[in-house]
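Some notes on the structure that comes next.
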Amino acid sequence: MATAIKAPTGVPTDLREWLSAVDKLGELQVATGASVEEDIGMATELLGRSRGSKATIFDEVPGYKKGFRVLSNALGSFRRLAVTLGLPPDESPHELVRLWQERVRKGIQPIPAEYVKDGPVFENVLRGDAVDCLIFPTPKWHEFDGGRYLGTGSFDITRDPDEGWVNLGTYRVMVHGKDRLGFYISPGKHGRQHRDKWFARGEKMPIAFVPGSTPLLFWSACTEIPYGLTEYDWVGGVRGFPYQVVKGPITGLPIPADAEIVIEGYADPNEREVEGPFGEWTGYYASMERPEPVIRVEAIYHRNDPIILASPPNVPPDEQSFYRAFMRSARLRGDLEAASIPGISGVWCHEVGGSRLFNAISIDQRYAGHARQVGHAAATVHTGAYLGRYTVVVDSDIDVMDLEQVMWAVCTRSEPAESIDIIPRMWSGPLDPRIPPEKKGFSSRAVIDATRPWEWRDRFPASQLPTPATRRKAEERWGWLIGKGERPKK
Ligand SMILES: Cc1cc2nc3c(=O)[nH]c(=O)nc-3n(C[C@H](O)[C@H](O)[C@H](O)COP(=O)(O)O)c2cc1C
């Protein structure tokens, strides 16, 4: 068995430890009797679109074994993001963002995964005729989905056949049958690069699919971790101690020793089955249904009373766009600073754009051309490149997390004829709702320079935004007028 290790950084180790930490905060609830056909999807949509709502476990799902559970809305509050990263949960959202961006800026030193012989994931082993993916309560997440998706808060583990490195990537997984799963990976993603290489060789791709694990591991798998770096090692760096993995008995891939469920198998280059449609993160069914590769399942491992970690996309802003905004904004800032760009004071990849389509960066302007440099870099570095659309650069007096302030800057400090650059033929894909089917693959970017123009910045009309000190004073003295604080006694 893997040895139980205590996190020196306070980051919960596995999903169960995470659940008890969240329960202590009063942010966990259990719902019973919800159906996979309709209820769990509907309830999850409500939860995800109500910021700060509790993490919810669906248990006693009709038609499934009691204890086989689905966890929704895990990362839907700032306090739960803090618990997941080992940050103080009672800090304000702005302070949490600052603390995490600072941490990422300093650099997270990867710690390689540690191989162990066994782990709780092997409490139940199903092989041969016993393989059955239908034992898990797998919801139909959206009304018009073409099937049930076991893989949403999940990841797929693959290995580069040439370079040997292992990637963990969140790519949706649909259940086709007892031993067949469909998976969709957009062009350019790391797992897709692996897949393309295996298939170009005419070889089956070994793959391990993890539909339930510790939230931090999932969160890393749906984040732009650099090419060649395994997410286990990045998570090890965040936690301050190595992730424990076991060599998968079928594929030899490293699988998390403490996962709730792991499914191992192979994808044949010549096999396809129709996958989709599935409600996507842009809020549309843009890629509809297509023949996609299939995982032929050879083994299922699961803990007793396994928990599926679920995070289906809904129309943004939703749970997914929220936790991704938090993580992606820090990584985007890190990418910009790694490119030696100075003067960045804030970054926020707005939830309304699914944390990709509308990103805002604030700067202290240092030199002529600085704002455009920031905008173009933010639209093209690894974290900001895939399926972006609008990148807005504002001055540092604008709070980048406040969408209305950002739009106020766009309305008043940009001049359309001068302030907008278009970059054509950028990285997009089938999920882009605005690109017609025959042109999918590319899309353009608008970089909006909403800073005070460099040449006459000193003569630009003074803003009447209260300074932070005045804002604080106003709230202290007069906050009671808007229901904040006590009315002073005479
Ligand atoms: C819940 C969820 C579902 C996702 N589904 C897919 C998917 O089906 N296909 C895909 O290419 N990316 C999907 N993504 C985005 C990828 O996980 C993300 O781009 C990640 O960076 C990919 O890993 P990679 O950088 O190692 O390629 C999803 C993200 C989330 C949060």
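Every chain in the structure tokens has a letter given in the order shown (A, B, ...), and although residue numbers restart at 1 in each chain, ligands are simply numbered from 1 in the order shown.
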
In range 197-319 of chain A, DSSP helix (DSSP H, G or I) residues written as a list in words: Lys197, Trp198, Phe199, Ala200, Pro215, Leu216, Leu217, Phe218, Trp219, Ser220, Ala221, Glu231, Tyr232, Asp233, Trp234, Val235, Gly236, Gly237, Val238, Arg239 and Glu319 of chain A

Please save N, CA and C atoms of the selected residues as a PDB file, in the first residue's frame.
```pdb
ATOM      1  N   LYS A 197       0.881  10.892 -33.014  1.00  0.00           N
ATOM      2  CA  LYS A 197       2.138  10.166 -33.251  1.00  0.00           C
ATOM      3  C   LYS A 197       1.923   8.653 -33.228  1.00  0.00           C
ATOM      4  N   TRP A 198       1.150   8.172 -32.235  1.00  0.00           N
ATOM      5  CA  TRP A 198       0.887   6.712 -32.171  1.00  0.00           C
ATOM      6  C   TRP A 198       0.171   6.255 -33.430  1.00  0.00           C
ATOM      7  N   PHE A 199      -0.847   7.019 -33.833  1.00  0.00           N
ATOM      8  CA  PHE A 199      -1.662   6.594 -34.970  1.00  0.00           C
ATOM      9  C   PHE A 199      -0.864   6.677 -36.274  1.00  0.00           C
ATOM     10  N   ALA A 200       0.017   7.676 -36.385  1.00  0.00           N
ATOM     11  CA  ALA A 200       0.847   7.798 -37.600  1.00  0.00           C
ATOM     12  C   ALA A 200       1.772   6.586 -37.735  1.00  0.00           C
ATOM     13  N   PRO A 215      -8.799  16.820  -6.554  1.00  0.00           N
ATOM     14  CA  PRO A 215      -9.117  17.974  -7.400  1.00  0.00           C
ATOM     15  C   PRO A 215      -7.884  18.699  -7.952  1.00  0.00           C
ATOM     16  N   LEU A 216      -6.807  18.759  -7.179  1.00  0.00           N
ATOM     17  CA  LEU A 216      -5.629  19.483  -7.679  1.00  0.00           C
ATOM     18  C   LEU A 216      -5.041  18.791  -8.910  1.00  0.00           C
ATOM     19  N   LEU A 217      -5.051  17.468  -8.900  1.00  0.00           N
ATOM     20  CA  LEU A 217      -4.499  16.742 -10.047  1.00  0.00           C
ATOM     21  C   LEU A 217      -5.368  16.991 -11.281  1.00  0.00           C
ATOM     22  N   PHE A 218      -6.678  16.928 -11.092  1.00  0.00           N
ATOM     23  CA  PHE A 218      -7.587  17.242 -12.204  1.00  0.00           C
ATOM     24  C   PHE A 218      -7.349  18.667 -12.699  1.00  0.00           C
ATOM     25  N   TRP A 219      -7.237  19.593 -11.750  1.00  0.00           N
ATOM     26  CA  TRP A 219      -7.084  21.017 -12.113  1.00  0.00           C
ATOM     27  C   TRP A 219      -5.810  21.220 -12.943  1.00  0.00           C
ATOM     28  N   SER A 220      -4.759  20.492 -12.581  1.00  0.00           N
ATOM     29  CA  SER A 220      -3.518  20.631 -13.351  1.00  0.00           C
ATOM     30  C   SER A 220      -3.691  20.055 -14.753  1.00  0.00           C
ATOM     31  N   ALA A 221      -4.502  19.003 -14.865  1.00  0.00           N
ATOM     32  CA  ALA A 221      -4.667  18.341 -16.164  1.00  0.00           C
ATOM     33  C   ALA A 221      -5.462  19.188 -17.147  1.00  0.00           C
ATOM     34  N   GLU A 231       2.130  16.478 -15.400  1.00  0.00           N
ATOM     35  CA  GLU A 231       1.312  17.178 -14.402  1.00  0.00           C
ATOM     36  C   GLU A 231       1.565  16.655 -12.992  1.00  0.00           C
ATOM     37  N   TYR A 232       1.904  15.376 -12.839  1.00  0.00           N
ATOM     38  CA  TYR A 232       2.219  14.847 -11.498  1.00  0.00           C
ATOM     39  C   TYR A 232       3.341  15.661 -10.858  1.00  0.00           C
ATOM     40  N   ASP A 233       4.330  15.984 -11.699  1.00  0.00           N
ATOM     41  CA  ASP A 233       5.534  16.644 -11.170  1.00  0.00           C
ATOM     42  C   ASP A 233       5.211  18.091 -10.784  1.00  0.00           C
ATOM     43  N   TRP A 234       4.338  18.706 -11.564  1.00  0.00           N
ATOM     44  CA  TRP A 234       3.912  20.075 -11.242  1.00  0.00           C
ATOM     45  C   TRP A 234       3.106  20.081  -9.946  1.00  0.00           C
ATOM     46  N   VAL A 235       2.186  19.110  -9.830  1.00  0.00           N
ATOM     47  CA  VAL A 235       1.379  19.020  -8.600  1.00  0.00           C
ATOM     48  C   VAL A 235       2.289  18.715  -7.403  1.00  0.00           C
ATOM     49  N   GLY A 236       3.273  17.860  -7.604  1.00  0.00           N
ATOM     50  CA  GLY A 236       4.255  17.589  -6.547  1.00  0.00           C
ATOM     51  C   GLY A 236       4.902  18.885  -6.093  1.00  0.00           C
ATOM     52  N   GLY A 237       5.243  19.739  -7.050  1.00  0.00           N
ATOM     53  CA  GLY A 237       5.857  21.027  -6.726  1.00  0.00           C
ATOM     54  C   GLY A 237       4.915  21.927  -5.942  1.00  0.00           C
ATOM     55  N   VAL A 238       3.631  21.926  -6.304  1.00  0.00           N
ATOM     56  CA  VAL A 238       2.656  22.752  -5.585  1.00  0.00           C
ATOM     57  C   VAL A 238       2.489  22.238  -4.164  1.00  0.00           C
ATOM     58  N   ARG A 239       2.428  20.883  -4.017  1.00  0.00           N
ATOM     59  CA  ARG A 239       2.162  20.304  -2.695  1.00  0.00           C
ATOM     60  C   ARG A 239       3.402  20.263  -1.813  1.00  0.00           C
ATOM     61  N   GLU A 319     -19.036  27.147 -13.094  1.00  0.00           N
ATOM     62  CA  GLU A 319     -17.969  26.671 -12.197  1.00  0.00           C
ATOM     63  C   GLU A 319     -16.649  26.557 -12.939  1.00  0.00           C
TER      64      GLU A 319
END
```

Taking only C-alpha atoms and all ligand atoms into account, which residues are within 9 Å of ligand 1, as a ChimeraX atom specification? /A:151-155,167-173,183-193,218-227,229-231,278,280-281,310-313,320-321,323-324,382-383,386,431

Export, as a short mmCIF file (atom, residue, chain, number, x, y, z; two decimals), in the first residue's frame, the selected residues with C-alpha atoms.
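Saved as part18.cif:
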```
data_model
loop_
_atom_site.label_atom_id
_atom_site.label_comp_id
_atom_site.auth_asym_id
_atom_site.auth_seq_id
_atom_site.Cartn_x
_atom_site.Cartn_y
_atom_site.Cartn_z
CA GLY A 151 -15.10 12.02 -18.24
CA THR A 152 -15.58 15.70 -17.30
CA GLY A 153 -13.63 16.36 -14.07
CA SER A 154 -11.25 13.69 -15.31
CA PHE A 155 -8.05 13.20 -17.27
CA ASN A 167 0.92 13.87 -20.17
CA LEU A 168 -2.26 14.20 -18.12
CA GLY A 169 -4.98 16.05 -20.05
CA THR A 170 -8.67 16.63 -19.40
CA TYR A 171 -10.43 15.51 -22.55
CA ARG A 172 -14.11 14.60 -22.42
CA VAL A 173 -14.98 10.89 -22.31
CA PHE A 183 -12.72 10.46 -26.23
CA TYR A 184 -12.34 13.80 -27.96
CA ILE A 185 -9.07 15.80 -28.03
CA SER A 186 -8.83 19.11 -29.88
CA PRO A 187 -5.99 19.55 -32.40
CA GLY A 188 -2.76 20.80 -30.86
CA LYS A 189 -3.41 19.67 -27.28
CA HIS A 190 -0.61 17.60 -25.78
CA GLY A 191 -2.67 14.42 -25.66
CA ARG A 192 -3.63 14.97 -29.30
CA GLN A 193 0.02 15.31 -30.30
CA PHE A 218 -7.59 17.24 -12.20
CA TRP A 219 -7.08 21.02 -12.11
CA SER A 220 -3.52 20.63 -13.35
CA ALA A 221 -4.67 18.34 -16.16
CA CYS A 222 -7.00 20.98 -17.57
CA THR A 223 -4.34 23.71 -17.29
CA GLU A 224 -1.64 24.69 -19.78
CA ILE A 225 1.25 22.96 -18.04
CA PRO A 226 4.32 23.31 -20.32
CA TYR A 227 4.99 20.74 -23.07
CA LEU A 229 6.36 18.46 -18.09
CA THR A 230 4.18 15.79 -16.48
CA GLU A 231 1.31 17.18 -14.40
CA PHE A 278 -21.81 17.54 -25.96
CA GLU A 280 -19.15 22.72 -24.69
CA TRP A 281 -17.37 25.41 -22.66
CA ALA A 310 -17.57 15.88 -12.36
CA SER A 311 -17.14 19.26 -13.98
CA PRO A 312 -19.30 19.56 -17.09
CA PRO A 313 -19.12 22.86 -18.93
CA GLN A 320 -15.50 25.66 -14.87
CA SER A 321 -14.84 29.16 -16.20
CA TYR A 323 -11.67 27.93 -11.45
CA ARG A 324 -10.00 28.11 -14.83
CA HIS A 382 1.06 29.03 -24.58
CA THR A 383 -1.53 29.90 -21.94
CA TYR A 386 -5.80 28.32 -27.91
CA LEU A 431 -15.28 23.97 -30.74
#
```

Skipping near chain neighbours, those fewer than 5 positions away, what residues fall within 7 Å of range 371-373 of chain A using only C-alpha atoms, listed as a compact mmCIF listing (two decimals) with C-alpha atoms, in the first residue's frame?
```
# COMPACT_ATOMS: atom_id res chain seq x y z
CA GLN A 365 3.28 51.66 -18.99
CA VAL A 393 -4.69 45.89 -22.17
CA ASP A 449 -5.17 48.70 -26.44
```

Would you mind listing what lies within 7 Å of range 45-48 of chain A as a list in words, with only C-alpha atoms counted and same-chain residues fewer than 6 positions away left out?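 Near range 45-48 of chain A, the qualifying residues are Asn73, Gly76, Asn314, Asp318 and Glu319 of chain A.
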
Just the selected residues (N, CA and C atoms), exported as a PDB file, in the first residue's frame, please.
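The resulting part-v6.pdb:
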```
ATOM      1  N   ASN A  73     -19.468  20.502  -8.776  1.00  0.00           N
ATOM      2  CA  ASN A  73     -19.238  21.864  -8.276  1.00  0.00           C
ATOM      3  C   ASN A  73     -18.117  21.924  -7.234  1.00  0.00           C
ATOM      4  N   GLY A  76     -16.151  25.425  -7.036  1.00  0.00           N
ATOM      5  CA  GLY A  76     -17.026  26.569  -7.310  1.00  0.00           C
ATOM      6  C   GLY A  76     -16.979  27.705  -6.301  1.00  0.00           C
ATOM      7  N   ASN A 314     -20.867  24.506 -18.713  1.00  0.00           N
ATOM      8  CA  ASN A 314     -22.176  25.093 -18.985  1.00  0.00           C
ATOM      9  C   ASN A 314     -21.954  26.477 -19.587  1.00  0.00           C
ATOM     10  N   ASP A 318     -19.618  29.937 -15.341  1.00  0.00           N
ATOM     11  CA  ASP A 318     -20.041  28.742 -14.614  1.00  0.00           C
ATOM     12  C   ASP A 318     -18.890  28.306 -13.717  1.00  0.00           C
ATOM     13  N   GLU A 319     -19.036  27.147 -13.094  1.00  0.00           N
ATOM     14  CA  GLU A 319     -17.969  26.671 -12.197  1.00  0.00           C
ATOM     15  C   GLU A 319     -16.649  26.557 -12.939  1.00  0.00           C
TER      16      GLU A 319
END
```

What are the DSSP strand (DSSP E) residues of range 210-450 of chain A, as a ChimeraX atom specification? /A:210-212,244-247,254-256,261-267,273-275,290-292,294-302,307-309,344-349,358-363,390-395,420-427,442-450

For a quick check of understanding, using only C-alpha atoms, which of A:Pro62, A:Gly375, A:Pro416, A:Pro488 has the smallest distance to Arg445 in chain A?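 Distance minimum relative to Arg445 in chain A lands on A:Gly375.
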
Tell me, as a list in words, which residues lie within 12 Å of Gly202 in chain A, counting only C-alpha atoms; anything in the same chain fewer than 4 positions away does not count.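 Those residues are Pro161, Arg195, Asp196, Lys197, Trp198, Ala267, Asp268, Pro269, Asn270 and Glu271 of chain A.
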